[in-house]
>>> print(open('structure00.pdb').read())   # PDB, C-alpha atoms
ATOM      1  CA  MET S   1       5.833  -1.786  -7.656
ATOM      2  CA  LEU S   2       9.200  -3.287  -8.109
ATOM      3  CA  ALA S   3      12.488  -2.416  -6.607
ATOM      4  CA  ASN S   4      14.008  -0.387  -9.409
ATOM      5  CA  ALA S   5      13.207   2.663 -11.469
ATOM      6  CA  ARG S   6       9.784   1.830 -12.785
ATOM      7  CA  THR S   7       6.251   2.736 -11.880
ATOM      8  CA  HIS S   8       2.784   1.243 -11.907
ATOM      9  CA  TYR S   9       1.258   4.468 -13.055
ATOM     10  CA  GLY S  10       1.226   3.173 -16.607
ATOM     11  CA  ARG S  11      -1.939   1.462 -15.377
ATOM     12  CA  LEU S  12      -3.654   4.812 -14.906
ATOM     13  CA  SER S  13      -6.345   5.763 -17.399
ATOM     14  CA  ALA S  14      -5.328   7.523 -20.597
ATOM     15  CA  ARG S  15      -6.495  10.912 -19.314
ATOM     16  CA  HIS S  16      -3.575  11.010 -16.901
ATOM     17  CA  MET S  17      -0.120  12.177 -17.866
ATOM     18  CA  TYR S  18       2.659   9.588 -17.518
ATOM     19  CA  LEU S  19       5.121  10.955 -14.991
ATOM     20  CA  SER S  20       8.796  10.098 -15.014
ATOM     21  CA  LEU S  21       9.601   8.238 -11.804
ATOM     22  CA  GLN S  22      12.425  10.696 -11.195
ATOM     23  CA  GLN S  23       9.841  13.499 -11.073
ATOM     24  CA  ILE S  24       7.230  11.863  -8.856
ATOM     25  CA  THR S  25       6.799  13.758  -5.614
ATOM     26  CA  LEU S  26       4.210  13.512  -2.897
ATOM     27  CA  GLU S  27       2.336  16.489  -4.338
ATOM     28  CA  SER S  28       2.191  15.118  -7.886
ATOM     29  CA  ILE S  29       1.230  11.573  -6.942
ATOM     30  CA  SER S  30      -1.498  12.646  -4.522
ATOM     31  CA  SER S  31      -3.464  14.186  -7.402
ATOM     32  CA  LEU S  32      -3.695  10.912  -9.360
ATOM     33  CA  ASN S  33      -6.521   8.390  -9.068
ATOM     34  CA  MET S  34      -6.590   4.766 -10.121
ATOM     35  CA  SER S  35      -8.642   4.082 -13.251
ATOM     36  CA  THR S  36     -12.152   2.841 -12.583
ATOM     37  CA  SER S  37     -13.216  -0.608 -13.728
ATOM     38  CA  THR S  38     -16.797  -1.667 -13.284
ATOM     39  CA  ASP S  39     -15.993  -5.370 -13.566
ATOM     40  CA  ASP S  40     -13.212  -5.469 -10.952
ATOM     41  CA  PRO S  41     -14.610  -6.227  -7.463
ATOM     42  CA  HIS S  42     -11.336  -5.100  -5.868
ATOM     43  CA  GLU S  43     -11.068  -1.722  -7.610
ATOM     44  CA  SER S  44     -12.964   0.063  -4.824
ATOM     45  CA  LEU S  45     -10.488  -1.357  -2.329
ATOM     46  CA  SER S  46      -7.556   0.032  -4.324
ATOM     47  CA  GLN S  47      -9.135   3.465  -4.627
ATOM     48  CA  GLN S  48      -9.967   3.726  -0.925
ATOM     49  CA  GLU S  49      -6.546   2.614   0.232
ATOM     50  CA  LEU S  50      -4.773   4.878  -2.249
ATOM     51  CA  LYS S  51      -6.047   7.873  -0.277
ATOM     52  CA  TYR S  52      -4.567   6.888   3.064
ATOM     53  CA  TRP S  53      -0.992   6.651   4.318
ATOM     54  CA  HIS S  54       0.254   4.588   7.251
ATOM     55  CA  ARG S  55       3.314   5.000   9.412
ATOM     56  CA  ALA S  56       5.876   2.216   9.249
ATOM     57  CA  LYS S  57       9.114   1.559  11.119
ATOM     58  CA  ILE S  58      12.059  -0.377   9.699
ATOM     59  CA  VAL S  59      12.885  -3.344  11.937
ATOM     60  CA  ASP S  60      15.409  -5.183   9.750
ATOM     61  CA  VAL S  61      17.754  -4.396   6.865
ATOM     62  CA  ARG S  62      19.600  -7.191   5.068
ATOM     63  CA  GLN S  63      21.439  -7.881   1.843
ATOM     64  CA  MET S  64      19.444 -10.364  -0.255
ATOM     65  CA  THR S  65      21.674 -10.408  -3.340
ATOM     66  CA  LEU S  66      24.592  -8.331  -4.576
ATOM     67  CA  SER S  67      22.187  -5.654  -5.815
ATOM     68  CA  VAL S  68      19.004  -6.133  -3.739
ATOM     69  CA  THR S  69      18.374  -4.974  -0.179
ATOM     70  CA  GLY S  70      15.612  -6.507   1.926
ATOM     71  CA  LEU S  71      13.529  -4.422   4.324
ATOM     72  CA  SER S  72      11.223  -5.581   7.103
ATOM     73  CA  LEU S  73       8.819  -2.989   8.468
ATOM     74  CA  LEU S  74       6.141  -2.847  11.124
ATOM     75  CA  VAL S  75       3.106  -0.925   9.864
ATOM     76  CA  GLU S  76       0.706   0.998  12.053
ATOM     77  CA  THR S  77      -2.279  -0.689  10.446
ATOM     78  CA  GLU S  78      -4.878   1.637  11.963
ATOM     79  CA  ASN S  79      -5.007   5.432  12.479
ATOM     80  CA  PRO S  80      -4.135   6.387   8.873
ATOM     81  CA  GLU S  81      -2.969   9.813   7.740
ATOM     82  CA  GLU S  82      -3.962  12.004   4.794
ATOM     83  CA  PHE S  83      -1.747  14.278   2.744
ATOM     84  CA  VAL S  84      -3.480  17.644   2.752
ATOM     85  CA  ASP S  85      -2.085  21.098   1.947
ATOM     86  CA  HIS S  86       1.466  19.755   1.609
ATOM     87  CA  ASN S  87       1.402  18.120   5.018
ATOM     88  CA  PHE S  88       0.427  14.820   6.606
ATOM     89  CA  ARG S  89      -2.308  14.891   9.192
ATOM     90  CA  ARG S  90      -4.182  12.280  11.161
ATOM     91  CA  VAL S  91      -7.683  11.690   9.861
ATOM     92  CA  SER S  92     -10.535  12.707  12.130
ATOM     93  CA  PRO S  93     -12.103  10.143  14.484
ATOM     94  CA  GLN S  94     -15.240  10.243  12.340
ATOM     95  CA  THR S  95     -13.244   9.502   9.181
ATOM     96  CA  GLN S  96     -11.286   6.753  10.923
ATOM     97  CA  GLN S  97     -14.484   4.772  11.395
ATOM     98  CA  SER S  98     -14.928   4.469   7.623
ATOM     99  CA  SER S  99     -11.271   4.472   6.534
ATOM    100  CA  PRO S 100      -9.726   1.072   5.793
ATOM    101  CA  CYS S 101      -7.059  -0.528   7.900
ATOM    102  CA  PHE S 102      -3.806  -1.320   6.135
ATOM    103  CA  SER S 103      -4.404  -4.493   4.134
ATOM    104  CA  PHE S 104      -3.403  -5.834   0.745
ATOM    105  CA  PHE S 105      -3.637  -8.664  -1.761
ATOM    106  CA  PRO S 106      -0.611 -10.729  -2.830
ATOM    107  CA  GLY S 107       0.984  -8.949  -5.786
ATOM    108  CA  GLN S 108       0.161  -5.397  -4.722
ATOM    109  CA  TRP S 109       2.748  -2.705  -4.044
ATOM    110  CA  VAL S 110       3.271   0.170  -1.647
ATOM    111  CA  ASP S 111       4.073   3.767  -2.329
ATOM    112  CA  PHE S 112       7.061   4.369  -0.071
ATOM    113  CA  TYR S 113       7.514   7.913   1.267
ATOM    114  CA  ILE S 114      10.815   8.883   2.897
ATOM    115  CA  PRO S 115      10.290  12.151   4.841
ATOM    116  CA  GLN S 116      13.779  13.569   4.336
ATOM    117  CA  LEU S 117      13.654  13.023   0.560
ATOM    118  CA  LYS S 118      10.092  14.182  -0.136
ATOM    119  CA  LYS S 119      10.020  11.752  -3.048
ATOM    120  CA  ILE S 120       8.200   8.486  -3.458
ATOM    121  CA  GLY S 121       9.439   5.025  -4.339
ATOM    122  CA  GLY S 122       7.223   2.113  -5.198
ATOM    123  CA  TYR S 123       7.967  -1.487  -4.216
ATOM    124  CA  SER S 124       6.082  -4.762  -4.472
ATOM    125  CA  LEU S 125       5.148  -6.466  -1.235
ATOM    126  CA  THR S 126       6.882  -9.832  -0.925
ATOM    127  CA  SER S 127       5.231 -10.829   2.360
ATOM    128  CA  LEU S 128       1.748 -12.207   2.970
ATOM    129  CA  PRO S 129      -1.340 -10.447   4.356
ATOM    130  CA  SER S 130      -1.322 -12.974   7.200
ATOM    131  CA  ALA S 131       2.045 -11.581   8.370
ATOM    132  CA  LEU S 132       0.660  -8.104   9.102
ATOM    133  CA  PRO S 133       1.562  -5.787  10.749
ATOM    134  CA  ARG S 134       4.970  -6.878   9.404
ATOM    135  CA  ILE S 135       5.652  -6.345   5.709
ATOM    136  CA  GLU S 136       8.654  -7.248   3.560
ATOM    137  CA  LEU S 137      10.154  -5.417   0.583
ATOM    138  CA  ALA S 138      13.056  -6.191  -1.751
ATOM    139  CA  VAL S 139      14.651  -3.066  -3.237
ATOM    140  CA  LYS S 140      17.112  -3.130  -6.106
ATOM    141  CA  ALA S 141      19.968  -0.622  -6.054
ATOM    142  CA  SER S 142      19.621   2.231  -8.538
ATOM    143  CA  CYS S 143      20.281   5.946  -8.865
ATOM    144  CA  HIS S 144      16.633   6.720  -8.090
ATOM    145  CA  PRO S 145      16.737   8.625  -4.749
ATOM    146  CA  PRO S 146      14.325   6.399  -2.749
ATOM    147  CA  ALA S 147      16.074   3.198  -3.882
ATOM    148  CA  GLN S 148      19.445   4.780  -3.193
ATOM    149  CA  TRP S 149      18.327   5.734   0.311
ATOM    150  CA  VAL S 150      17.075   2.211   1.017
ATOM    151  CA  THR S 151      20.200   0.457  -0.252
ATOM    152  CA  GLU S 152      22.758   2.903   1.197
ATOM    153  CA  HIS S 153      21.244   4.686   4.211
ATOM    154  CA  ALA S 154      18.193   2.896   5.635
ATOM    155  CA  SER S 155      18.644   1.726   9.233
ATOM    156  CA  VAL S 156      16.640  -0.095  11.851
ATOM    157  CA  GLY S 157      14.401   2.416  13.605
ATOM    158  CA  ASP S 158      13.904   4.713  10.608
ATOM    159  CA  GLU S 159      10.289   5.714  10.021
ATOM    160  CA  VAL S 160       8.584   6.041   6.635
ATOM    161  CA  LYS S 161       5.025   6.179   5.340
ATOM    162  CA  VAL S 162       3.376   3.640   3.043
ATOM    163  CA  ARG S 163       0.115   3.159   1.188
ATOM    164  CA  VAL S 164      -1.170   0.241  -0.854
ATOM    165  CA  GLY S 165      -1.956   0.264  -4.551
ATOM    166  CA  GLY S 166      -2.046  -1.877  -7.663
ATOM    167  CA  ASP S 167      -4.415  -4.250  -9.420
ATOM    168  CA  PHE S 168      -1.878  -6.899 -10.442
ATOM    169  CA  VAL S 169      -3.030  -9.375  -7.808
ATOM    170  CA  TYR S 170      -3.567 -13.048  -7.106
ATOM    171  CA  ASN S 171      -7.170 -12.933  -5.919
ATOM    172  CA  LYS S 172      -8.690 -16.228  -7.015
ATOM    173  CA  VAL S 173      -9.474 -17.240  -3.432
ATOM    174  CA  TYR S 174     -10.301 -13.823  -2.022
ATOM    175  CA  GLU S 175     -13.392 -11.753  -1.529
ATOM    176  CA  THR S 176     -13.847  -8.106  -0.577
ATOM    177  CA  GLN S 177     -15.917  -7.541   2.534
ATOM    178  CA  SER S 178     -17.865  -4.413   3.394
ATOM    179  CA  ASN S 179     -15.092  -3.127   5.662
ATOM    180  CA  ALA S 180     -12.690  -3.139   2.667
ATOM    181  CA  LYS S 181     -10.392  -5.734   4.196
ATOM    182  CA  ALA S 182      -9.022  -8.620   2.177
ATOM    183  CA  THR S 183     -10.045 -11.974   3.633
ATOM    184  CA  PRO S 184      -9.342 -15.472   2.320
ATOM    185  CA  ILE S 185     -12.345 -17.638   1.617
ATOM    186  CA  LYS S 186     -12.113 -20.526   4.092
ATOM    187  CA  SER S 187     -13.067 -23.346   1.764
ATOM    188  CA  LYS S 188     -11.651 -26.554   3.227
ATOM    189  CA  VAL S 189     -10.636 -29.498   1.121
ATOM    190  CA  SER S 190     -11.422 -32.935   2.476
ATOM    191  CA  PRO S 191      -8.415 -35.174   3.251
ATOM    192  CA  GLU S 192      -9.574 -37.621   0.574
ATOM    193  CA  GLN S 193      -9.318 -35.006  -2.159
ATOM    194  CA  GLU S 194      -6.109 -34.129  -3.973
ATOM    195  CA  VAL S 195      -5.707 -30.369  -3.606
ATOM    196  CA  ASN S 196      -4.143 -29.991  -7.032
ATOM    197  CA  ASN S 197      -7.194 -31.600  -8.665
ATOM    198  CA  GLU S 198      -9.509 -29.029  -7.058
ATOM    199  CA  SER S 199      -7.527 -25.912  -7.880
ATOM    200  CA  PRO S 200      -6.830 -23.362 -10.611
ATOM    201  CA  TYR S 201      -3.671 -23.686 -12.673
ATOM    202  CA  ASN S 202      -1.178 -20.831 -12.684
ATOM    203  CA  LEU S 203       1.911 -20.064 -14.724
ATOM    204  CA  PHE S 204       4.220 -17.427 -13.242
ATOM    205  CA  ILE S 205       6.953 -15.892 -15.420
ATOM    206  CA  ALA S 206       9.484 -13.493 -13.873
ATOM    207  CA  GLY S 207      12.485 -11.550 -15.081
ATOM    208  CA  GLY S 208      14.959 -10.101 -12.557
ATOM    209  CA  VAL S 209      13.276  -8.351  -9.638
ATOM    210  CA  GLY S 210       9.986  -8.994 -11.405
ATOM    211  CA  ILE S 211       9.928 -12.023  -9.111
ATOM    212  CA  ASN S 212       8.879  -9.808  -6.190
ATOM    213  CA  PRO S 213       5.089  -9.608  -6.700
ATOM    214  CA  LEU S 214       5.018 -13.169  -8.046
ATOM    215  CA  PHE S 215       6.756 -14.450  -4.933
ATOM    216  CA  GLY S 216       3.942 -12.972  -2.856
ATOM    217  CA  MET S 217       1.354 -14.753  -5.009
ATOM    218  CA  ILE S 218       3.196 -18.085  -4.921
ATOM    219  CA  SER S 219       3.664 -17.762  -1.160
ATOM    220  CA  GLN S 220      -0.099 -17.315  -0.791
ATOM    221  CA  ILE S 221      -0.685 -20.533  -2.714
ATOM    222  CA  HIS S 222       1.808 -22.275  -0.425
ATOM    223  CA  GLU S 223       0.102 -20.911   2.688
ATOM    224  CA  ASP S 224      -3.307 -22.023   1.442
ATOM    225  CA  LEU S 225      -1.993 -25.530   0.828
ATOM    226  CA  THR S 226      -0.313 -25.610   4.240
ATOM    227  CA  ASN S 227      -3.608 -24.637   5.875
ATOM    228  CA  ASN S 228      -5.487 -27.276   3.860
ATOM    229  CA  LEU S 229      -7.371 -24.619   1.903
ATOM    230  CA  ARG S 230      -8.075 -24.737  -1.780
ATOM    231  CA  GLY S 231      -4.701 -24.093  -3.338
ATOM    232  CA  SER S 232      -3.392 -24.069  -6.883
ATOM    233  CA  LYS S 233      -0.819 -25.673  -9.072
ATOM    234  CA  ALA S 234       1.921 -23.177  -9.791
ATOM    235  CA  ALA S 235       4.686 -23.392 -12.375
ATOM    236  CA  LEU S 236       7.383 -20.712 -12.193
ATOM    237  CA  LEU S 237       9.794 -19.739 -14.953
ATOM    238  CA  TYR S 238      12.330 -17.327 -13.453
ATOM    239  CA  SER S 239      15.047 -15.542 -15.422
ATOM    240  CA  ALA S 240      17.944 -13.640 -13.858
ATOM    241  CA  SER S 241      21.316 -12.422 -15.067
ATOM    242  CA  CYS S 242      23.334 -14.785 -12.878
ATOM    243  CA  GLU S 243      22.943 -17.164  -9.966
ATOM    244  CA  GLU S 244      23.969 -14.542  -7.418
ATOM    245  CA  GLU S 245      20.973 -12.415  -8.419
ATOM    246  CA  LEU S 246      18.329 -15.111  -7.871
ATOM    247  CA  LEU S 247      15.898 -13.975  -5.178
ATOM    248  CA  PHE S 248      13.969 -16.298  -2.830
ATOM    249  CA  ASP S 249      15.904 -19.369  -3.921
ATOM    250  CA  ALA S 250      15.955 -20.804  -0.388
ATOM    251  CA  GLU S 251      12.215 -20.284   0.002
ATOM    252  CA  PHE S 252      11.457 -22.083  -3.241
ATOM    253  CA  LYS S 253      13.690 -24.973  -2.195
ATOM    254  CA  GLU S 254      11.552 -25.373   0.939
ATOM    255  CA  MET S 255       8.235 -25.266  -0.940
ATOM    256  CA  LEU S 256       9.072 -27.876  -3.573
ATOM    257  CA  PRO S 257       9.562 -30.906  -1.293
ATOM    258  CA  GLU S 258       6.446 -30.028   0.734
ATOM    259  CA  PHE S 259       4.080 -30.006  -2.240
ATOM    260  CA  PRO S 260       5.887 -31.542  -5.234
ATOM    261  CA  LYS S 261       2.606 -31.998  -7.109
ATOM    262  CA  ASN S 262       1.742 -28.332  -6.745
ATOM    263  CA  PHE S 263       4.983 -26.466  -7.414
ATOM    264  CA  SER S 264       7.453 -26.472 -10.272
ATOM    265  CA  VAL S 265      10.368 -24.025 -10.556
ATOM    266  CA  ARG S 266      12.774 -23.621 -13.473
ATOM    267  CA  TYR S 267      15.575 -21.063 -13.511
ATOM    268  CA  PHE S 268      17.014 -19.371 -16.588
ATOM    269  CA  LEU S 269      20.327 -17.540 -16.246
ATOM    270  CA  THR S 270      21.221 -15.207 -19.075
ATOM    271  CA  LYS S 271      24.945 -15.109 -18.234
ATOM    272  CA  ARG S 272      26.067 -18.359 -16.649
ATOM    273  CA  SER S 273      24.901 -21.433 -14.764
ATOM    274  CA  ILE S 274      26.597 -23.823 -12.367
ATOM    275  CA  GLU S 275      23.679 -26.105 -11.513
ATOM    276  CA  GLU S 276      21.802 -28.451 -13.795
ATOM    277  CA  ASN S 277      18.305 -27.032 -13.210
ATOM    278  CA  ARG S 278      19.517 -23.453 -13.726
ATOM    279  CA  ARG S 279      19.678 -23.315 -17.472
ATOM    280  CA  GLN S 280      21.901 -20.820 -19.249
ATOM    281  CA  ALA S 281      19.183 -19.711 -21.615
ATOM    282  CA  ARG S 282      16.237 -17.403 -21.986
ATOM    283  CA  ILE S 283      12.567 -18.183 -21.492
ATOM    284  CA  ASN S 284      11.201 -19.220 -24.876
ATOM    285  CA  LYS S 285       8.268 -20.974 -26.523
ATOM    286  CA  GLU S 286       9.651 -24.421 -25.696
ATOM    287  CA  SER S 287      10.107 -23.683 -21.978
ATOM    288  CA  ILE S 288       6.570 -22.341 -21.785
ATOM    289  CA  ALA S 289       5.292 -25.490 -23.492
ATOM    290  CA  ILE S 290       7.064 -27.643 -20.875
ATOM    291  CA  ALA S 291       5.520 -25.621 -18.026
ATOM    292  CA  LEU S 292       2.036 -25.844 -19.535
ATOM    293  CA  SER S 293       2.454 -29.588 -19.971
ATOM    294  CA  TRP S 294       3.470 -29.960 -16.306
ATOM    295  CA  LEU S 295       0.356 -28.081 -15.207
ATOM    296  CA  GLY S 296      -1.626 -30.782 -16.989
ATOM    297  CA  CYS S 297      -4.722 -28.867 -18.029
ATOM    298  CA  GLU S 298      -6.228 -27.215 -21.057
ATOM    299  CA  SER S 299      -4.886 -23.812 -22.047
ATOM    300  CA  LYS S 300      -8.243 -22.170 -21.325
ATOM    301  CA  GLU S 301      -7.962 -23.198 -17.651
ATOM    302  CA  ILE S 302      -4.624 -21.460 -17.056
ATOM    303  CA  SER S 303      -3.951 -18.046 -15.548
ATOM    304  CA  VAL S 304      -0.611 -16.478 -16.466
ATOM    305  CA  TYR S 305       1.137 -13.826 -14.362
ATOM    306  CA  ILE S 306       4.146 -12.055 -15.895
ATOM    307  CA  CYS S 307       6.442  -9.443 -14.408
ATOM    308  CA  GLY S 308       9.769  -8.343 -15.809
ATOM    309  CA  PRO S 309      11.737  -5.631 -17.582
ATOM    310  CA  GLU S 310      10.628  -3.576 -20.546
ATOM    311  CA  GLY S 311       9.460  -5.682 -23.457
ATOM    312  CA  MET S 312       9.366  -8.968 -21.589
ATOM    313  CA  ALA S 313       5.640  -8.937 -20.824
ATOM    314  CA  GLU S 314       4.672  -8.322 -24.442
ATOM    315  CA  ASP S 315       7.075 -10.943 -25.789
ATOM    316  CA  VAL S 316       6.086 -13.628 -23.294
ATOM    317  CA  SER S 317       2.384 -12.857 -23.680
ATOM    318  CA  LYS S 318       2.677 -13.604 -27.401
ATOM    319  CA  LEU S 319       4.401 -16.915 -26.660
ATOM    320  CA  CYS S 320       1.630 -17.901 -24.241
ATOM    321  CA  ALA S 321      -1.044 -16.887 -26.733
ATOM    322  CA  ALA S 322       0.672 -19.056 -29.339
ATOM    323  CA  HIS S 323      -0.001 -22.021 -27.026
ATOM    324  CA  GLY S 324      -3.692 -21.195 -26.883
ATOM    325  CA  VAL S 325      -3.811 -19.217 -23.630
ATOM    326  CA  SER S 326      -6.576 -16.621 -23.786
ATOM    327  CA  PRO S 327      -5.392 -12.984 -23.673
ATOM    328  CA  ASP S 328      -7.959 -12.433 -20.903
ATOM    329  CA  SER S 329      -6.066 -14.974 -18.775
ATOM    330  CA  ILE S 330      -2.697 -13.261 -19.170
ATOM    331  CA  HIS S 331      -1.951 -10.701 -16.467
ATOM    332  CA  PHE S 332       1.245  -8.710 -16.491
ATOM    333  CA  GLU S 333       3.114  -5.852 -14.962
ATOM    334  CA  GLN S 334       6.186  -4.101 -16.204
ATOM    335  CA  TRP S 335       8.476  -1.177 -15.591
ATOM    336  CA  TRP S 336      10.093   1.290 -17.907
TER     337      TRP S 336
END
>>> encode(input="structure00.pdb", output="structure tokens")
Amino acid sequence: MLANARTHYGRLSARHMYLSLQQITLESISSLNMSTSTDDPHESLSQQELKYWHRAKIVDVRQMTLSVTGLSLLVETENPEEFVDHNFRRVSPQTQQSSPCFSFFPGQWVDFYIPQLKKIGGYSLTSLPSALPRIELAVKASCHPPAQWVTEHASVGDEVKVRVGGDFVYNKVYETQSNAKATPIKSKVSPEQEVNNESPYNLFIAGGVGINPLFGMISQIHEDLTNNLRGSKAALLYSASCEEELLFDAEFKEMLPEFPKNFSVRYFLTKRSIEENRRQARINKESIAIALSWLGCESKEISVYICGPEGMAEDVSKLCAAHGVSPDSIHFEQWW
């Protein structure tokens, strides 16, 4: 999930009622199950992990932009808890043997339970699986109680509970093992080979805090390249209201010089711009065409990941389709 008042539960099957995020409580959310997909090898992982909660302690709170607060937490990756009869309880030793440890794919989110509120927030993970047991979140200020608590009251030492969910993931180089843990496929690239010639091609399009799950995916590509694994080419089109609201700008500036053939970033500011590469404009058909040209492959080879405010995913998906990108290759997440 993202850092403002939206929810991933629009991805639930049609038989489930859409709940207003303001009304989601621990009791209501615990009764929902993720929709089943027979062709998704990671669906079983999502369903198993959705059942279990893990304790987490806040170890850092920082201001990332004028409206976004960053949290670092240490997760107790083992010894999960269940929510039963309106209370949390440790699972039995027998159940622990088959219950998954806390793990996730880049792009997934966590349900975020604050004991004193008894309500749940949902925020995309911006850190990498390799950083566990530490996880990172970026929470946008809003009137929603969990977000308000994070941005106004959260302190180092506070304890919360989290559980992983979501199927909006970058999983091209991952496999699911029998123990339900996510593990990268260690497929080395020889020094003679250009990594970008061996890899998939990805277009990431973000609006506002929609950058959060995409940053996790892009960071995974960067880590794979750093470790000389099969990486990808990644073009990012990132729209924000103003320069002060751009997230992860410093991190992107570090990635670009390291792998200039693999990363391209273009900013679009809807209010104002003070730097040449931060265009005062909106993402449109022309900007998508430029990104696709930079990727240097046929449209059928491209995977597109979109995350942004209401209406953005549908609009941008149509623009990508107009360039010949298959609808099956367009993955998006939104909030409302």
>>> atom_distance(input="structure00.pdb", atom1="atom CA of S:Ala291", atom2="atom CA of S:Thr270")
18.9 Å
>>> residues_around(input="structure00.pdb", residues="S:Ala289", least_positions_apart="4", cutoff="9 Å", atoms="all atoms listed in the file", output="ChimeraX atom specification")
/S:284-285,293-294,320,323
>>> write_last_selection(input="structure00.pdb", atoms="C-alpha atoms", output="PDB file, in the frame of the given file")
ATOM      1  CA  ASN S 284      11.201 -19.220 -24.876  1.00  0.00           C
ATOM      2  CA  LYS S 285       8.268 -20.974 -26.523  1.00  0.00           C
ATOM      3  CA  SER S 293       2.454 -29.588 -19.971  1.00  0.00           C
ATOM      4  CA  TRP S 294       3.470 -29.960 -16.306  1.00  0.00           C
ATOM      5  CA  CYS S 320       1.630 -17.901 -24.241  1.00  0.00           C
ATOM      6  CA  HIS S 323      -0.001 -22.021 -27.026  1.00  0.00           C
TER       7      HIS S 323
END
>>> resolve_selection(input="structure00.pdb", expression="the PyMOL selection byres ((chain S and resi 60-68) around 10)", output="ChimeraX atom specification")
/S:3-4,57-59,69-74,136-142,147,150-151,154-157,209,243-248
>>> residues_around(input="structure00.pdb", residues="S:Ser264", least_positions_apart="4", cutoff="7 Å", atoms="only C-alpha atoms", output="list in words")
Ala234, Ala235 and Leu236 of chain S
>>> atom_distance(input="structure00.pdb", atom1="atom CA of S:Ile120", atom2="atom CA of S:Arg163")
10.7 Å
>>> build_atoms(input="structure00.pdb", residues="stretch 162-167 of chain S", atoms="all heavy atoms", output="PDB file, keeping the file's coordinate frame")
ATOM      1  N   VAL S 162       3.703   4.525   4.158  1.00  0.00           N
ATOM      2  CA  VAL S 162       3.376   3.640   3.043  1.00  0.00           C
ATOM      3  C   VAL S 162       1.876   3.669   2.775  1.00  0.00           C
ATOM      4  O   VAL S 162       1.077   3.969   3.668  1.00  0.00           O
ATOM      5  CB  VAL S 162       3.814   2.179   3.329  1.00  0.00           C
ATOM      6  CG1 VAL S 162       5.328   2.079   3.418  1.00  0.00           C
ATOM      7  CG2 VAL S 162       3.160   1.642   4.610  1.00  0.00           C
ATOM      8  N   ARG S 163       1.525   3.365   1.534  1.00  0.00           N
ATOM      9  CA  ARG S 163       0.115   3.159   1.188  1.00  0.00           C
ATOM     10  C   ARG S 163       0.040   2.127   0.065  1.00  0.00           C
ATOM     11  O   ARG S 163       0.929   2.019  -0.767  1.00  0.00           O
ATOM     12  CB  ARG S 163      -0.569   4.455   0.791  1.00  0.00           C
ATOM     13  CG  ARG S 163      -0.052   5.096  -0.486  1.00  0.00           C
ATOM     14  CD  ARG S 163      -0.845   6.351  -0.821  1.00  0.00           C
ATOM     15  NE  ARG S 163      -0.330   6.996  -2.020  1.00  0.00           N
ATOM     16  CZ  ARG S 163      -0.815   8.121  -2.516  1.00  0.00           C
ATOM     17  NH1 ARG S 163      -1.807   8.731  -1.904  1.00  0.00           N
ATOM     18  NH2 ARG S 163      -0.320   8.652  -3.613  1.00  0.00           N
ATOM     19  N   VAL S 164      -1.030   1.374   0.054  1.00  0.00           N
ATOM     20  CA  VAL S 164      -1.170   0.241  -0.854  1.00  0.00           C
ATOM     21  C   VAL S 164      -1.789   0.669  -2.184  1.00  0.00           C
ATOM     22  O   VAL S 164      -2.646   1.549  -2.230  1.00  0.00           O
ATOM     23  CB  VAL S 164      -2.063  -0.848  -0.211  1.00  0.00           C
ATOM     24  CG1 VAL S 164      -2.364  -1.964  -1.210  1.00  0.00           C
ATOM     25  CG2 VAL S 164      -1.386  -1.415   1.020  1.00  0.00           C
ATOM     26  N   GLY S 165      -1.353   0.040  -3.247  1.00  0.00           N
ATOM     27  CA  GLY S 165      -1.956   0.264  -4.551  1.00  0.00           C
ATOM     28  C   GLY S 165      -1.711  -0.921  -5.470  1.00  0.00           C
ATOM     29  O   GLY S 165      -1.004  -1.864  -5.125  1.00  0.00           O
ATOM     30  N   GLY S 166      -2.298  -0.869  -6.652  1.00  0.00           N
ATOM     31  CA  GLY S 166      -2.046  -1.877  -7.663  1.00  0.00           C
ATOM     32  C   GLY S 166      -3.180  -2.848  -7.862  1.00  0.00           C
ATOM     33  O   GLY S 166      -3.882  -3.207  -6.921  1.00  0.00           O
ATOM     34  N   ASP S 167      -3.368  -3.276  -9.111  1.00  0.00           N
ATOM     35  CA  ASP S 167      -4.415  -4.250  -9.420  1.00  0.00           C
ATOM     36  C   ASP S 167      -3.830  -5.518 -10.048  1.00  0.00           C
ATOM     37  O   ASP S 167      -4.565  -6.339 -10.585  1.00  0.00           O
ATOM     38  CB  ASP S 167      -5.476  -3.640 -10.337  1.00  0.00           C
ATOM     39  CG  ASP S 167      -4.897  -3.079 -11.624  1.00  0.00           C
ATOM     40  OD1 ASP S 167      -3.684  -3.248 -11.855  1.00  0.00           O
ATOM     41  OD2 ASP S 167      -5.656  -2.484 -12.405  1.00  0.00           O
TER      42      ASP S 167
END
